[in-house]
>>> print(open('target_34.cif').read())   # mmCIF, C-alpha atoms and all ligand atoms
data_my_file
loop_
_atom_site.label_atom_id
_atom_site.label_comp_id
_atom_site.auth_asym_id
_atom_site.auth_seq_id
_atom_site.Cartn_x
_atom_site.Cartn_y
_atom_site.Cartn_z
CA MET A 1 61.81 35.44 47.31
CA LEU A 2 63.82 37.39 44.74
CA ARG A 3 66.44 34.66 44.81
CA ASP A 4 63.72 32.05 44.21
CA PHE A 5 62.71 34.01 41.15
CA ILE A 6 66.28 34.39 39.94
CA ASN A 7 66.73 30.65 40.42
CA LEU A 8 64.07 30.01 37.83
CA ILE A 9 66.01 31.92 35.22
CA PHE A 10 69.58 31.20 36.30
CA PRO A 11 69.60 27.85 38.04
CA ASN A 12 73.14 28.30 39.31
CA TYR A 13 72.15 28.54 42.93
CA CYS A 14 71.81 25.80 45.51
CA ILE A 15 68.14 24.76 45.66
CA THR A 16 68.25 24.48 49.43
CA CYS A 17 70.38 27.42 50.68
CA ASN A 18 70.42 29.67 47.58
CA SER A 19 74.18 30.22 47.66
CA SER A 20 75.89 30.26 44.26
CA LEU A 21 77.17 26.94 43.04
CA TYR A 22 80.72 26.14 42.04
CA LYS A 23 81.22 24.72 38.58
CA GLN A 24 81.52 21.14 39.81
CA GLU A 25 78.37 21.39 41.96
CA LYS A 26 74.98 20.45 40.56
CA PHE A 27 71.67 21.73 42.01
CA ILE A 28 72.81 21.35 45.64
CA CYS A 29 75.98 22.84 47.11
CA LEU A 30 78.46 20.47 48.69
CA GLN A 31 77.81 21.78 52.17
CA CYS A 32 74.04 21.24 51.91
CA LYS A 33 74.57 17.84 50.35
CA ASN A 34 76.73 16.83 53.30
CA GLU A 35 74.08 18.10 55.70
CA LEU A 36 71.19 16.20 54.12
CA PRO A 37 69.93 13.63 56.63
CA GLU A 38 70.73 10.41 54.81
CA LEU A 39 69.12 7.25 56.14
CA PHE A 40 70.95 3.95 56.44
CA TYR A 41 68.69 1.00 56.99
CA ALA A 42 70.04 -2.47 56.64
CA ALA A 43 67.04 -4.45 57.88
CA ASN A 44 63.28 -3.95 57.81
CA THR A 45 63.07 -4.40 61.56
CA THR A 46 65.04 -1.21 62.23
CA ASN A 47 63.58 0.71 59.31
CA PRO A 48 60.61 2.97 60.18
CA ALA A 49 59.47 3.23 56.54
CA ALA A 50 59.37 -0.55 56.21
CA LYS A 51 57.71 -0.87 59.62
CA LEU A 52 55.04 1.56 58.48
CA LEU A 53 54.07 -0.79 55.64
CA THR A 54 54.56 -4.09 57.42
CA GLY A 55 51.27 -5.96 57.79
CA ARG A 56 49.56 -3.66 55.30
CA THR A 57 51.01 -5.11 52.12
CA SER A 58 53.63 -7.59 50.96
CA PHE A 59 57.05 -6.23 49.96
CA ASN A 60 60.77 -6.94 50.19
CA THR A 61 62.10 -3.68 51.59
CA CYS A 62 61.38 0.04 51.61
CA LEU A 63 64.29 2.48 51.51
CA PRO A 64 63.94 6.26 51.65
CA LEU A 65 67.19 8.09 50.89
CA TYR A 66 66.67 11.09 53.17
CA TYR A 67 64.85 11.75 56.39
CA TYR A 68 61.83 13.98 55.82
CA GLN A 69 61.34 16.86 58.24
CA LYS A 70 58.80 19.64 57.91
CA GLY A 71 60.55 22.90 57.13
CA GLY A 72 63.87 21.17 56.49
CA LYS A 73 66.10 21.00 53.44
CA VAL A 74 64.56 17.78 52.23
CA GLN A 75 61.11 19.35 52.17
CA LYS A 76 62.52 22.21 50.13
CA ILE A 77 63.99 19.73 47.65
CA LEU A 78 60.68 17.87 47.39
CA LYS A 79 58.90 21.13 46.64
CA SER A 80 61.32 22.08 43.92
CA LEU A 81 60.82 18.68 42.26
CA LYS A 82 57.25 19.61 41.51
CA TYR A 83 57.72 22.94 39.80
CA ASP A 84 59.51 24.57 36.92
CA ASN A 85 59.93 21.45 34.82
CA GLN A 86 62.70 20.11 37.04
CA THR A 87 63.19 16.84 35.20
CA GLU A 88 66.99 17.17 35.31
CA LEU A 89 66.90 17.74 39.06
CA CYS A 90 64.72 14.64 39.44
CA GLU A 91 67.19 12.59 37.40
CA PHE A 92 70.11 13.91 39.46
CA LEU A 93 68.40 12.98 42.74
CA GLY A 94 67.39 9.64 41.25
CA SER A 95 71.04 8.91 40.55
CA LEU A 96 71.81 9.57 44.23
CA ILE A 97 69.12 7.01 45.16
CA GLY A 98 70.65 4.59 42.65
CA ILE A 99 74.12 4.93 44.16
CA LYS A 100 72.66 4.18 47.60
CA LEU A 101 70.68 1.16 46.35
CA LYS A 102 73.82 -0.24 44.76
CA SER A 103 75.38 -0.55 48.20
CA PHE A 104 72.77 -3.12 49.27
CA ASP A 105 73.54 -6.68 48.14
CA SER A 106 69.90 -7.66 48.58
CA LEU A 107 68.96 -5.20 45.84
CA ASN A 108 71.41 -6.26 43.15
CA ASP A 109 68.82 -8.41 41.34
CA ILE A 110 66.26 -5.67 40.58
CA ASP A 111 64.87 -6.20 37.07
CA LEU A 112 62.66 -3.18 36.49
CA ILE A 113 61.81 0.25 37.84
CA ILE A 114 58.16 1.22 38.18
CA PRO A 115 57.27 4.81 39.08
CA VAL A 116 54.18 5.64 41.11
CA PRO A 117 52.00 7.34 38.49
CA LEU A 118 50.57 10.83 38.66
CA HIS A 119 47.01 11.28 37.53
CA PRO A 120 47.13 12.24 33.82
CA ASP A 121 45.32 15.53 34.53
CA ARG A 122 47.95 16.55 37.04
CA GLU A 123 50.74 15.37 34.78
CA LYS A 124 49.30 17.57 32.05
CA ILE A 125 49.40 20.60 34.35
CA ARG A 126 52.87 19.88 35.74
CA GLY A 127 54.21 18.57 32.48
CA TYR A 128 55.90 15.52 33.99
CA ASN A 129 55.75 12.86 36.68
CA GLN A 130 58.60 13.48 39.13
CA SER A 131 58.66 9.80 40.17
CA TYR A 132 59.25 8.75 36.58
CA TYR A 133 62.31 11.03 36.31
CA LEU A 134 63.61 9.87 39.69
CA GLY A 135 63.28 6.39 38.16
CA ILE A 136 65.27 7.45 35.09
CA GLY A 137 68.06 8.67 37.40
CA ILE A 138 68.07 5.39 39.34
CA ALA A 139 68.03 3.43 36.07
CA SER A 140 71.11 5.28 34.85
CA VAL A 141 73.07 3.95 37.81
CA LEU A 142 71.60 0.43 37.99
CA ASN A 143 71.48 -0.06 34.21
CA ILE A 144 67.92 -1.34 34.10
CA ASP A 145 64.71 -0.23 32.39
CA VAL A 146 61.93 2.03 33.67
CA LEU A 147 58.46 0.74 32.87
CA GLU A 148 56.65 4.05 32.89
CA LYS A 149 53.04 2.98 32.50
CA ALA A 150 53.05 -0.31 34.39
CA ILE A 151 50.70 1.14 37.01
CA ILE A 152 47.87 3.41 35.90
CA ARG A 153 46.04 5.85 38.14
CA LYS A 154 42.31 5.82 37.59
CA VAL A 155 40.86 8.77 39.49
CA ASN A 156 42.28 12.04 40.77
CA ASN A 157 42.57 12.01 44.56
CA ALA A 158 43.50 15.68 44.87
CA THR A 159 41.07 16.31 47.74
CA GLN A 160 42.76 13.74 50.01
CA THR A 161 43.64 16.20 52.76
CA ASN A 162 40.00 16.83 53.67
CA LYS A 163 39.27 13.18 54.24
CA SER A 164 39.51 10.94 57.27
CA ARG A 165 42.18 8.25 57.35
CA GLN A 166 39.62 5.54 56.61
CA GLU A 167 38.19 7.50 53.68
CA ARG A 168 41.69 8.18 52.37
CA TRP A 169 42.50 4.50 52.59
CA GLN A 170 39.39 3.57 50.60
CA ASN A 171 40.05 6.41 48.21
CA VAL A 172 43.61 5.38 47.51
CA ASN A 173 42.81 1.70 47.33
CA ASP A 174 40.82 1.76 44.16
CA ILE A 175 42.76 4.32 42.21
CA PHE A 176 45.45 2.08 40.72
CA THR A 177 45.41 -0.68 38.16
CA LEU A 178 48.04 -2.54 36.11
CA SER A 179 48.33 -1.92 32.38
CA SER A 180 49.70 -5.41 31.78
CA THR A 181 50.89 -8.18 34.06
CA THR A 182 52.87 -10.44 31.72
CA SER A 183 56.08 -8.38 31.70
CA LEU A 184 56.09 -8.38 35.52
CA ILE A 185 55.81 -12.12 36.17
CA ASN A 186 58.68 -13.38 38.36
CA GLN A 187 60.37 -9.97 38.28
CA HIS A 188 62.00 -8.06 41.12
CA VAL A 189 60.53 -4.59 40.65
CA LEU A 190 61.57 -1.33 42.27
CA LEU A 191 58.60 0.90 43.02
CA VAL A 192 59.68 4.56 43.07
CA ASP A 193 58.02 7.60 44.61
CA ASP A 194 59.24 11.01 45.77
CA VAL A 195 58.20 10.71 49.42
CA ILE A 196 56.62 8.20 51.77
CA THR A 197 54.49 9.78 54.52
CA THR A 198 51.34 7.82 55.45
CA GLY A 199 52.42 5.01 53.13
CA SER A 200 48.93 4.69 51.64
CA THR A 201 49.94 5.43 48.03
CA VAL A 202 52.80 2.97 48.05
CA GLU A 203 50.62 0.43 49.86
CA SER A 204 47.96 0.48 47.20
CA CYS A 205 50.53 0.30 44.39
CA CYS A 206 52.00 -2.77 46.11
CA ASN A 207 48.53 -4.26 46.40
CA VAL A 208 47.97 -4.14 42.64
CA LEU A 209 51.53 -5.35 41.91
CA ASN A 210 51.12 -8.26 44.30
CA LYS A 211 48.45 -9.67 41.98
CA VAL A 212 51.28 -10.67 39.61
CA ASN A 213 52.67 -14.21 39.94
CA GLY A 214 56.13 -14.45 41.48
CA ILE A 215 56.66 -10.72 41.76
CA LYS A 216 59.10 -9.30 44.34
CA ILE A 217 58.66 -5.64 45.26
CA SER A 218 61.25 -3.29 46.70
CA ILE A 219 60.45 0.34 47.30
CA ALA A 220 62.74 3.37 47.00
CA THR A 221 61.81 6.96 47.72
CA LEU A 222 63.75 10.20 47.90
CA ALA A 223 62.41 10.95 51.37
CA GLY A 224 60.56 9.36 54.22
CA ALA A 225 60.54 8.68 57.93
ZN ZN A 301 73.38 24.86 49.72
#
>>> encode(input="target_34.cif", output="structure tokens", more="lines below")
Ligand SMILES: [Zn+2]
Amino acid sequence: MLRDFINLIFPNYCITCNSSLYKQEKFICLQCKNELPELFYAANTTNPAAKLLTGRTSFNTCLPLYYYQKGGKVQKILKSLKYDNQTELCEFLGSLIGIKLKSFDSLNDIDLIIPVPLHPDREKIRGYNQSYYLGIGIASVLNIDVLEKAIIRKVNNATQTNKSRQERWQNVNDIFTLSSTTSLINQHVLLVDDVITTGSTVESCCNVLNKVNGIKISIATLAGA
């Protein structure tokens, strides 16, 4: 608890184990970084995140970087993304996603990065959209642009957890819209979010993107199944 507080002021401690960082380490100590459960999926058929979305929407592939486990290190990282204006941490983790994406030949023709948007009210409270900064980190590795406001969120779905799956699905399915379609025609876009759990947010983003002619959608997240 005290260490969490100290971390806010002196961010020289590992965000997952709280040990002090060496000069060459950034945000996560080398030992924790090596222990993070990285996922390696070559094909959609062996990829649980892609399987989760298959039949629900049209997409190329869906690649989470780390395996999400309740109470694990990855959950701790996801939590720290959302507080304390951690834009630099988001960019750092985004660059790790970018390095991973670079290793897949099928992803070397991505044209644009599109972050899943936060509702403007929530963005105002938090100060930033973590998915946008993950996107900036990915962009720095892949050398492509981030189109920040390509997808717009219409209503705040903050009360999601109290709803049934069906209600959540309906709720999430009319919350997104595209700001403009022309710049997306015939593009291979990379949709970016922090975590994929039920897949409903990513699904509805894909549904609005799929209205664009010739679009190809790949999905990258920091964590997922
Ligand atoms: Zn550590």
>>> closest_residue(input="target_34.cif", among="A:Ile185, A:Ser58, A:Asp109, A:Leu96", to="Lys26 of chain A", atoms="all atoms listed in the file")
A:Leu96
>>> residues_near_ligand(input="target_34.cif", ligand="ligand ZN 301 (chain A)", cutoff="12 Å", atoms="all atoms listed in the file", output="NGL selection string")
:A and (12-22 or 25-36 or 73-74 or 76-77)
>>> closest_residue(input="target_34.cif", among="A:Val146, A:Ala139, A:Leu89, A:Ile217", to="Val202 of chain A", atoms="all atoms listed in the file")
A:Ile217
>>> residues_around(input="target_34.cif", residues="segment 125-135 of chain A", least_positions_apart="4", cutoff="9 Å", atoms="all atoms listed in the file", output="number ranges by chain")
A: 81-95, 97-98, 113-121, 139-140, 145-148, 190-194, 221-222
>>> atom_distance(input="target_34.cif", atom1="atom CA of Ala223 of chain A", atom2="atom CA of Thr198 of chain A")
12.2 Å
>>> closest_residue(input="target_34.cif", among="A:Gly71, A:Gly137, A:Leu178, A:Ile152", to="Asn210 of chain A", atoms="only C-alpha atoms")
A:Leu178
>>> residues_around(input="target_34.cif", residues="Phe176 of chain A", least_positions_apart="2", cutoff="10 Å", atoms="all atoms listed in the file", output="list of chain:residue names")
A:Val116, A:Pro117, A:His119, A:Ile151, A:Ile152, A:Arg153, A:Lys154, A:Val155, A:Val172, A:Asn173, A:Asp174, A:Leu178, A:Ser179, A:Thr201, A:Ser204, A:Cys205, A:Cys206, A:Asn207, A:Val208, A:Leu209
